[in-house]
Amino acid sequence: MSPIVVQNVSSNNDSSTPYFQHSSELIAGEFSTATAPSSTLGQLLQHVGDTRKEATGDQTSVHELLVDISEPRPIPFVLSFNNLTYSVKVPRKMALPGFFRWSGGTAAADAAVVGNPLATGDSYFTRTKMLLNDISGEARDGEILAVLGASGSGKSTLIDALANRIAKGSLKGNVTLNGEALESRMLKVISAYVMQDDLLFPMLTVEETLMFAAEFRLPRTLSKSKKKMRVQVLIDQLGLRNAAKTIIGDEGHRGVSGGERRRVSIGIDIIHDPIILFLDEPTSGLDSTSAFMVVKVLQRIAQSGSIVVMSIHQPSYRILGLLDRLIFLSRGQTVYSGSPTNLPLYFSEFGHPIPENENKTEFALDLIRELEGSPGGTKSLVEFNKSWQSMKHTRDSEPDQLGLSLKEAISASISRGKLVSGATNDINSSSMVPTFANPFWKEMVVLSKRSILNSKRMPELFGIRLAAVLVTGSILATVFWQLDNSPKGVQERLGFFAFAMSTTYYTCADALPVFLQERYIFIRETAYNAYRRLSYVISNALVALPGLIFLSFAFAMATFWAVGLDGGLSGFLFYFLIMFGSFWSGSSFVTFLSGVVPHVMLGYTIVVAILAYFLLFSGFFINRDRIPGYWIWFHYLSLVKYPYEAVLRNEFENPSKCLVRGIQIFDNSPLGEIPSAMKVRLLQSVSKSLGVRITRSTCMTTGLDILKQEGITDLSKWNCLLITVAWGFLFRILFYFSLLLGSKNKRS
């Protein structure tokens, strides 16, 4: 057996040097696939570290690059894909006269325009568009496979197909790693996918962003210091040392450059040192220097033992020198597959030699576009590529030096320091890696910490929300200042409660863009099992609670005593609790909608409309017994109903509280304008008619009478509070299911 050699990565003494240098080598032992079948990654690292300490006394972390220098290392990983075919249904564009004369020949002509045969599934209204048509190839670790082609050629579709981002059953063909079919669970753990857009939290620094990625993707068995060291190594590997303490930034906050942002996006997905790395146009939108630096980083990642598969639109001459394999696509078909060095010979034999001083890829892409515009399309080039590939395989047919099964290759990579996500050497390759790197509670802690840190650096968001609550409370307090216990005071109290309860829900609408801004970050992170969806839902709720408590207390303090509400201290405490329940259920409702509605403006429209319906059916505008039977169900679904009834009970359930005395009974009628003396005589007449003595001080209406008039007789105030809080939990559960069903991140 050949010895495994550890190359320790440490920083140069010169602080101005941006990259770690290889400074020492240590023989750590021999690797055997039979060694410790149940050993975890932490145990493997500890074993290497103990051996290293005995030999050198060095206490440095052992998460370093492991290579074998005693003999040429066999290629441990080969990602092969064969006959990949993928098509979608698209609407057929056809004028009305053409509809009546449509025939199979017309559809065939339409298909011929795009260079694809007519599929049997075509109809009058749809046609089948072939996005991938019999694509085959392979990618090996230590190399970069680049997929090139014009816009719409199928580059991103091929990357998605290889990364298992196309729904099962829609994609034909097979993708294997070392000859074994890749299970979805296994691929999620041993690979990473870098999206074209840079999806990052704007107020976190580069170092913090990578550190949180390490907390998610690296196992709990690794100490905090080793995770920090892994982050520092990665920062230098990515060339981000000078920007490590700089925030990512966004439109309103100055941060890192576009190239640095792209490298951070790559870094968070390779923090666990994956075996396979997929990238969708990582150089898009970057200048030539930044693009070259990004691909240079990818080359170093590949040379560390990873398979790198990327799509790229039009590489420069310098970038082309970093690529190992190329696949040119044209409308879903392969027109070239091979090494960049073979491009001149390939096109020379095709009859279109590349001029000496011209960029080879630019020439190839220009020629492909020219052929696509010709009557025959790229059919001649596709056929030539097939004959070229068959000749090449015949000429280069020699025994493959691989000879490693998938289980053995992954075990070897783990022992060399790859795949830092708690992997083991279990005999069953499907169970060698855990679904998630960390337990449930650890994910919640890290998610909460990240959300709080990001929010603390944008205090203006909570400040604006607090100001809105305080301004609204102050306006209500001054408008409804010290209401009296009169018939008019009762009506004014009812209006205050209805407006106050609905206001709490409307001020929760600011929670809508929070998840909408994080949606694609969440999809990217959960797509490759950085954390559980349930962890995100619970941490999202926990982080929101302190703010909701503060807002509820501020609103209660601003309005309770100023308006002159009843109940004293106990009444205030319940008023505060029902305010908190309203904020909680409103925030949960809006959070749920953010998981269902993909656009901010559409979400705001829906929130405003639904909250208006909730207020309409709450019982303020029309009593429950007056609501038509076919709408009564909406009354019980109204979120405003329960807190509204709760505060009314809190205010009016005291049987000793009198709200209408003697002649006040006439105040809300046309008789209210007559002189008081006339009211007294009318009251005496009524008293004689009823046979009951009624004076100016006789209590005519109590709080319980008001509750009966409003139809509030079914639920106690505590039951209303519990139902309000329960609505909040229900919407959080629905939010979880919306994430579970709506974030599959796969093409259909």
# chains A, B, ... in the order shown; residues from 1 in each chain; ligands from 1

call {"tool": "residues_around", "arguments": {"residues": "range 539-551 of chain A", "least_positions_apart": "5", "cutoff": "9 Å", "atoms": "only C-alpha atoms", "output": "ChimeraX atom specification"}}
result
/A:443-449,451-452,462,465-466,469-470,534,556,576-577,579-580,583-584,587-588,732

call {"tool": "residues_around", "arguments": {"residues": "range 200-204 of chain A", "least_positions_apart": "2", "cutoff": "8 Å", "atoms": "only C-alpha atoms", "output": "number ranges by chain"}}
result
A: 198, 206, 208-209, 247-250, 253, 265, 453-454, 457-458, 521

call {"tool": "write_last_selection", "arguments": {"atoms": "N, CA, C and O atoms", "output": "PDB file, in the first residue's frame"}}
result
ATOM      1  N   ASP A 198     -25.621  35.744  -7.202  1.00  0.00           N
ATOM      2  CA  ASP A 198     -24.946  35.745  -5.908  1.00  0.00           C
ATOM      3  C   ASP A 198     -25.985  35.997  -4.822  1.00  0.00           C
ATOM      4  O   ASP A 198     -26.454  37.121  -4.635  1.00  0.00           O
ATOM      5  N   VAL A 206     -17.482  38.927   4.743  1.00  0.00           N
ATOM      6  CA  VAL A 206     -17.046  37.738   4.010  1.00  0.00           C
ATOM      7  C   VAL A 206     -16.701  36.618   4.982  1.00  0.00           C
ATOM      8  O   VAL A 206     -17.120  35.466   4.808  1.00  0.00           O
ATOM      9  N   GLU A 208     -17.689  36.203   8.119  1.00  0.00           N
ATOM     10  CA  GLU A 208     -18.883  35.718   8.813  1.00  0.00           C
ATOM     11  C   GLU A 208     -19.730  34.844   7.902  1.00  0.00           C
ATOM     12  O   GLU A 208     -20.268  33.810   8.344  1.00  0.00           O
ATOM     13  N   THR A 209     -19.848  35.226   6.648  1.00  0.00           N
ATOM     14  CA  THR A 209     -20.626  34.426   5.699  1.00  0.00           C
ATOM     15  C   THR A 209     -20.053  33.023   5.569  1.00  0.00           C
ATOM     16  O   THR A 209     -20.792  32.022   5.609  1.00  0.00           O
ATOM     17  N   ILE A 247     -18.232  43.879   4.576  1.00  0.00           N
ATOM     18  CA  ILE A 247     -19.572  43.314   4.415  1.00  0.00           C
ATOM     19  C   ILE A 247     -19.835  43.018   2.934  1.00  0.00           C
ATOM     20  O   ILE A 247     -19.213  43.610   2.054  1.00  0.00           O
ATOM     21  N   ILE A 248     -20.766  42.105   2.676  1.00  0.00           N
ATOM     22  CA  ILE A 248     -21.117  41.750   1.299  1.00  0.00           C
ATOM     23  C   ILE A 248     -21.707  42.957   0.575  1.00  0.00           C
ATOM     24  O   ILE A 248     -21.333  43.266  -0.563  1.00  0.00           O
ATOM     25  N   GLY A 249     -22.637  43.648   1.240  1.00  0.00           N
ATOM     26  CA  GLY A 249     -23.209  44.863   0.667  1.00  0.00           C
ATOM     27  C   GLY A 249     -24.364  44.598  -0.289  1.00  0.00           C
ATOM     28  O   GLY A 249     -24.580  43.485  -0.763  1.00  0.00           O
ATOM     29  N   ASP A 250     -25.111  45.663  -0.558  1.00  0.00           N
ATOM     30  CA  ASP A 250     -26.203  45.620  -1.531  1.00  0.00           C
ATOM     31  C   ASP A 250     -26.362  47.010  -2.126  1.00  0.00           C
ATOM     32  O   ASP A 250     -25.438  47.820  -2.065  1.00  0.00           O
ATOM     33  N   HIS A 253     -25.809  49.617   0.607  1.00  0.00           N
ATOM     34  CA  HIS A 253     -24.632  49.503   1.462  1.00  0.00           C
ATOM     35  C   HIS A 253     -23.439  49.069   0.614  1.00  0.00           C
ATOM     36  O   HIS A 253     -23.497  48.029  -0.047  1.00  0.00           O
ATOM     37  N   SER A 265     -19.644  33.401  -3.058  1.00  0.00           N
ATOM     38  CA  SER A 265     -20.719  32.462  -3.409  1.00  0.00           C
ATOM     39  C   SER A 265     -20.169  31.061  -3.641  1.00  0.00           C
ATOM     40  O   SER A 265     -20.789  30.066  -3.244  1.00  0.00           O
ATOM     41  N   LEU A 453     -27.799  38.669  13.784  1.00  0.00           N
ATOM     42  CA  LEU A 453     -26.641  39.478  13.403  1.00  0.00           C
ATOM     43  C   LEU A 453     -26.948  40.328  12.173  1.00  0.00           C
ATOM     44  O   LEU A 453     -26.608  41.520  12.118  1.00  0.00           O
ATOM     45  N   ASN A 454     -27.614  39.737  11.192  1.00  0.00           N
ATOM     46  CA  ASN A 454     -27.963  40.483   9.982  1.00  0.00           C
ATOM     47  C   ASN A 454     -28.958  41.602  10.299  1.00  0.00           C
ATOM     48  O   ASN A 454     -28.870  42.708   9.755  1.00  0.00           O
ATOM     49  N   ARG A 457     -27.523  44.799  12.155  1.00  0.00           N
ATOM     50  CA  ARG A 457     -26.790  45.742  11.312  1.00  0.00           C
ATOM     51  C   ARG A 457     -27.712  46.546  10.395  1.00  0.00           C
ATOM     52  O   ARG A 457     -27.241  47.351   9.616  1.00  0.00           O
ATOM     53  N   MET A 458     -28.997  46.270  10.489  1.00  0.00           N
ATOM     54  CA  MET A 458     -29.989  47.081   9.782  1.00  0.00           C
ATOM     55  C   MET A 458     -31.068  47.513  10.772  1.00  0.00           C
ATOM     56  O   MET A 458     -32.250  47.180  10.612  1.00  0.00           O
ATOM     57  N   ILE A 521     -31.861  32.211  -1.148  1.00  0.00           N
ATOM     58  CA  ILE A 521     -30.800  31.749  -0.255  1.00  0.00           C
ATOM     59  C   ILE A 521     -31.250  30.470   0.436  1.00  0.00           C
ATOM     60  O   ILE A 521     -30.494  29.491   0.529  1.00  0.00           O
TER      61      ILE A 521
END

call {"tool": "closest_residue", "arguments": {"among": "A:Ala243, A:Val590, A:Val597, A:Val660", "to": "Gly489 in chain A", "atoms": "only C-alpha atoms"}}
result
A:Val660

call {"tool": "atom_distance", "arguments": {"atom1": "CA of Lys360 in chain A", "atom2": "CA of Arg300 in chain A"}}
result
23.6 Å

call {"tool": "residues_around", "arguments": {"residues": "range 167-173 of chain A", "least_positions_apart": "3", "cutoff": "12 Å", "atoms": "only C-alpha atoms", "output": "PyMOL selection string"}}
result
chain A and resi 80-89+130-137+157-158+160-164+176+181+183-184+744-748

call {"tool": "closest_residue", "arguments": {"among": "A:Asp280, A:Glu362, A:Glu260, A:Asp324", "to": "Leu238 in chain A", "atoms": "only C-alpha atoms"}}
result
A:Glu260

call {"tool": "atom_distance", "arguments": {"atom1": "CA of Pro76 in chain A", "atom2": "CA of Phe436 in chain A"}}
result
24.5 Å

call {"tool": "residues_around", "arguments": {"residues": "range 617-624 of chain A", "least_positions_apart": "3", "cutoff": "12 Å", "atoms": "only C-alpha atoms", "output": "MDAnalysis selection string"}}
result
chainID A and resid 491:499 501:502 610:614 627:629 631:646 648 706:714

call {"tool": "atom_distance", "arguments": {"atom1": "CA of Lys226 in chain A", "atom2": "CA of Asp273 in chain A"}}
result
14.1 Å

call {"tool": "residues_around", "arguments": {"residues": "range 315-321 of chain A", "least_positions_apart": "3", "cutoff": "7 Å", "atoms": "only C-alpha atoms", "output": "ChimeraX atom specification"}}
result
/A:292,295,312,359

call {"tool": "write_last_selection", "arguments": {"atoms": "N, CA and C atoms", "output": "short mmCIF file (atom, residue, chain, number, x, y, z; two decimals), in the first residue's frame"}}
result
data_model
loop_
_atom_site.label_atom_id
_atom_site.label_comp_id
_atom_site.auth_asym_id
_atom_site.auth_seq_id
_atom_site.Cartn_x
_atom_site.Cartn_y
_atom_site.Cartn_z
N PHE A 292 -11.16 35.69 -14.73
CA PHE A 292 -9.97 34.85 -14.71
C PHE A 292 -9.64 34.40 -13.29
N VAL A 295 -12.05 31.58 -12.23
CA VAL A 295 -11.72 30.28 -12.83
C VAL A 295 -10.40 29.75 -12.28
N ILE A 312 -20.14 28.22 -19.19
CA ILE A 312 -19.50 29.51 -19.43
C ILE A 312 -19.89 29.98 -20.81
N ASN A 359 -9.00 33.75 -31.17
CA ASN A 359 -9.43 32.98 -30.01
C ASN A 359 -10.22 31.75 -30.49
#

call {"tool": "select_by_dssp", "arguments": {"residues": "range 182-340 of chain A", "states": "strand (DSSP E or B)", "output": "ChimeraX atom specification"}}
result
/A:191-194,205,247,250,253,276-280,307-311,325-330,333-338

call {"tool": "select_by_dssp", "arguments": {"residues": "range 243-315 of chain A", "states": "helix (DSSP H, G or I)", "output": "ChimeraX atom specification"}}
result
/A:243,258-269,288-303

call {"tool": "residues_around", "arguments": {"residues": "Met211 in chain A", "least_positions_apart": "2", "cutoff": "12 Å", "atoms": "only C-alpha atoms", "output": "PyMOL selection string"}}
result
chain A and resi 204-209+213-218+224-235+244+264+267-269+271-272+446+449-450

call {"tool": "write_last_selection", "arguments": {"atoms": "N, CA and C atoms", "output": "mmCIF file, in the first residue's frame"}}
result
data_model
loop_
_atom_site.group_PDB
_atom_site.id
_atom_site.type_symbol
_atom_site.label_atom_id
_atom_site.label_comp_id
_atom_site.auth_asym_id
_atom_site.auth_seq_id
_atom_site.Cartn_x
_atom_site.Cartn_y
_atom_site.Cartn_z
ATOM 1 N N LEU A 204 -23.599 40.788 6.351
ATOM 2 C CA LEU A 204 -22.567 39.931 6.935
ATOM 3 C C LEU A 204 -21.248 40.160 6.212
ATOM 4 N N THR A 205 -20.150 40.054 6.944
ATOM 5 C CA THR A 205 -18.843 40.171 6.299
ATOM 6 C C THR A 205 -18.519 38.879 5.561
ATOM 7 N N VAL A 206 -17.482 38.927 4.743
ATOM 8 C CA VAL A 206 -17.046 37.738 4.010
ATOM 9 C C VAL A 206 -16.701 36.618 4.982
ATOM 10 N N GLU A 207 -15.953 36.945 6.012
ATOM 11 C CA GLU A 207 -15.547 35.933 6.988
ATOM 12 C C GLU A 207 -16.744 35.356 7.724
ATOM 13 N N GLU A 208 -17.689 36.203 8.119
ATOM 14 C CA GLU A 208 -18.883 35.718 8.813
ATOM 15 C C GLU A 208 -19.730 34.844 7.902
ATOM 16 N N THR A 209 -19.848 35.226 6.648
ATOM 17 C CA THR A 209 -20.626 34.426 5.699
ATOM 18 C C THR A 209 -20.053 33.023 5.569
ATOM 19 N N ALA A 213 -21.486 29.287 6.918
ATOM 20 C CA ALA A 213 -21.518 28.125 6.020
ATOM 21 C C ALA A 213 -20.800 26.945 6.658
ATOM 22 N N ALA A 214 -19.689 27.224 7.349
ATOM 23 C CA ALA A 214 -18.956 26.159 8.033
ATOM 24 C C ALA A 214 -19.790 25.565 9.163
ATOM 25 N N GLU A 215 -20.515 26.415 9.882
ATOM 26 C CA GLU A 215 -21.363 25.919 10.967
ATOM 27 C C GLU A 215 -22.456 24.998 10.429
ATOM 28 N N PHE A 216 -22.970 25.317 9.246
ATOM 29 C CA PHE A 216 -24.028 24.494 8.656
ATOM 30 C C PHE A 216 -23.494 23.192 8.082
ATOM 31 N N ARG A 217 -22.388 23.260 7.338
ATOM 32 C CA ARG A 217 -21.949 22.127 6.525
ATOM 33 C C ARG A 217 -20.916 21.238 7.196
ATOM 34 N N LEU A 218 -20.181 21.763 8.174
ATOM 35 C CA LEU A 218 -19.174 20.939 8.841
ATOM 36 C C LEU A 218 -19.774 20.296 10.081
ATOM 37 N N LYS A 224 -14.685 24.254 17.209
ATOM 38 C CA LYS A 224 -14.860 25.610 16.682
ATOM 39 C C LYS A 224 -13.562 26.129 16.083
ATOM 40 N N SER A 225 -12.450 25.807 16.722
ATOM 41 C CA SER A 225 -11.161 26.305 16.227
ATOM 42 C C SER A 225 -10.816 25.700 14.875
ATOM 43 N N LYS A 226 -11.142 24.428 14.671
ATOM 44 C CA LYS A 226 -10.855 23.791 13.389
ATOM 45 C C LYS A 226 -11.755 24.336 12.290
ATOM 46 N N LYS A 227 -12.999 24.657 12.646
ATOM 47 C CA LYS A 227 -13.882 25.271 11.656
ATOM 48 C C LYS A 227 -13.366 26.649 11.263
ATOM 49 N N LYS A 228 -12.901 27.400 12.253
ATOM 50 C CA LYS A 228 -12.347 28.722 11.950
ATOM 51 C C LYS A 228 -11.111 28.602 11.068
ATOM 52 N N MET A 229 -10.276 27.599 11.352
ATOM 53 C CA MET A 229 -9.077 27.419 10.542
ATOM 54 C C MET A 229 -9.450 27.024 9.114
ATOM 55 N N ARG A 230 -10.487 26.197 8.969
ATOM 56 C CA ARG A 230 -10.950 25.819 7.625
ATOM 57 C C ARG A 230 -11.409 27.066 6.858
ATOM 58 N N VAL A 231 -12.096 27.970 7.555
ATOM 59 C CA VAL A 231 -12.560 29.205 6.925
ATOM 60 C C VAL A 231 -11.379 30.063 6.502
ATOM 61 N N GLN A 232 -10.363 30.174 7.361
ATOM 62 C CA GLN A 232 -9.191 30.986 7.029
ATOM 63 C C GLN A 232 -8.435 30.407 5.832
ATOM 64 N N VAL A 233 -8.319 29.087 5.782
ATOM 65 C CA VAL A 233 -7.684 28.439 4.629
ATOM 66 C C VAL A 233 -8.464 28.749 3.358
ATOM 67 N N LEU A 234 -9.800 28.680 3.461
ATOM 68 C CA LEU A 234 -10.643 28.911 2.290
ATOM 69 C C LEU A 234 -10.568 30.371 1.839
ATOM 70 N N ILE A 235 -10.504 31.292 2.786
ATOM 71 C CA ILE A 235 -10.385 32.704 2.433
ATOM 72 C C ILE A 235 -9.132 32.944 1.607
ATOM 73 N N ALA A 244 -11.812 40.145 3.824
ATOM 74 C CA ALA A 244 -12.389 39.244 4.821
ATOM 75 C C ALA A 244 -13.291 39.976 5.811
ATOM 76 N N VAL A 264 -17.104 34.525 -2.999
ATOM 77 C CA VAL A 264 -17.760 34.181 -1.732
ATOM 78 C C VAL A 264 -18.883 33.181 -1.987
ATOM 79 N N GLY A 267 -17.355 29.988 -2.321
ATOM 80 C CA GLY A 267 -16.790 29.537 -1.054
ATOM 81 C C GLY A 267 -17.805 28.908 -0.129
ATOM 82 N N ILE A 268 -19.011 29.481 -0.039
ATOM 83 C CA ILE A 268 -19.987 28.928 0.895
ATOM 84 C C ILE A 268 -20.464 27.547 0.459
ATOM 85 N N ASP A 269 -20.320 27.246 -0.825
ATOM 86 C CA ASP A 269 -20.744 25.924 -1.302
ATOM 87 C C ASP A 269 -19.617 24.900 -1.298
ATOM 88 N N ILE A 271 -17.305 24.890 1.284
ATOM 89 C CA ILE A 271 -16.731 24.916 2.631
ATOM 90 C C ILE A 271 -16.499 23.500 3.148
ATOM 91 N N HIS A 272 -17.348 22.562 2.735
ATOM 92 C CA HIS A 272 -17.202 21.175 3.183
ATOM 93 C C HIS A 272 -16.357 20.353 2.217
ATOM 94 N N VAL A 446 -27.644 28.233 14.990
ATOM 95 C CA VAL A 446 -26.857 28.935 13.974
ATOM 96 C C VAL A 446 -27.749 29.831 13.120
ATOM 97 N N LYS A 449 -28.722 32.871 15.172
ATOM 98 C CA LYS A 449 -27.583 33.772 15.338
ATOM 99 C C LYS A 449 -27.335 34.574 14.066
ATOM 100 N N ARG A 450 -27.410 33.929 12.920
ATOM 101 C CA ARG A 450 -27.185 34.621 11.652
ATOM 102 C C ARG A 450 -28.264 35.668 11.398
#

call {"tool": "residues_around", "arguments": {"residues": "Val680 in chain A", "least_positions_apart": "3", "cutoff": "10 Å", "atoms": "only C-alpha atoms", "output": "count of residues only"}}
result
12

call {"tool": "closest_residue", "arguments": {"among": "A:Lys488, A:Phe522, A:Leu740, A:Gln517", "to": "Ile665 in chain A", "atoms": "only C-alpha atoms"}}
result
A:Lys488
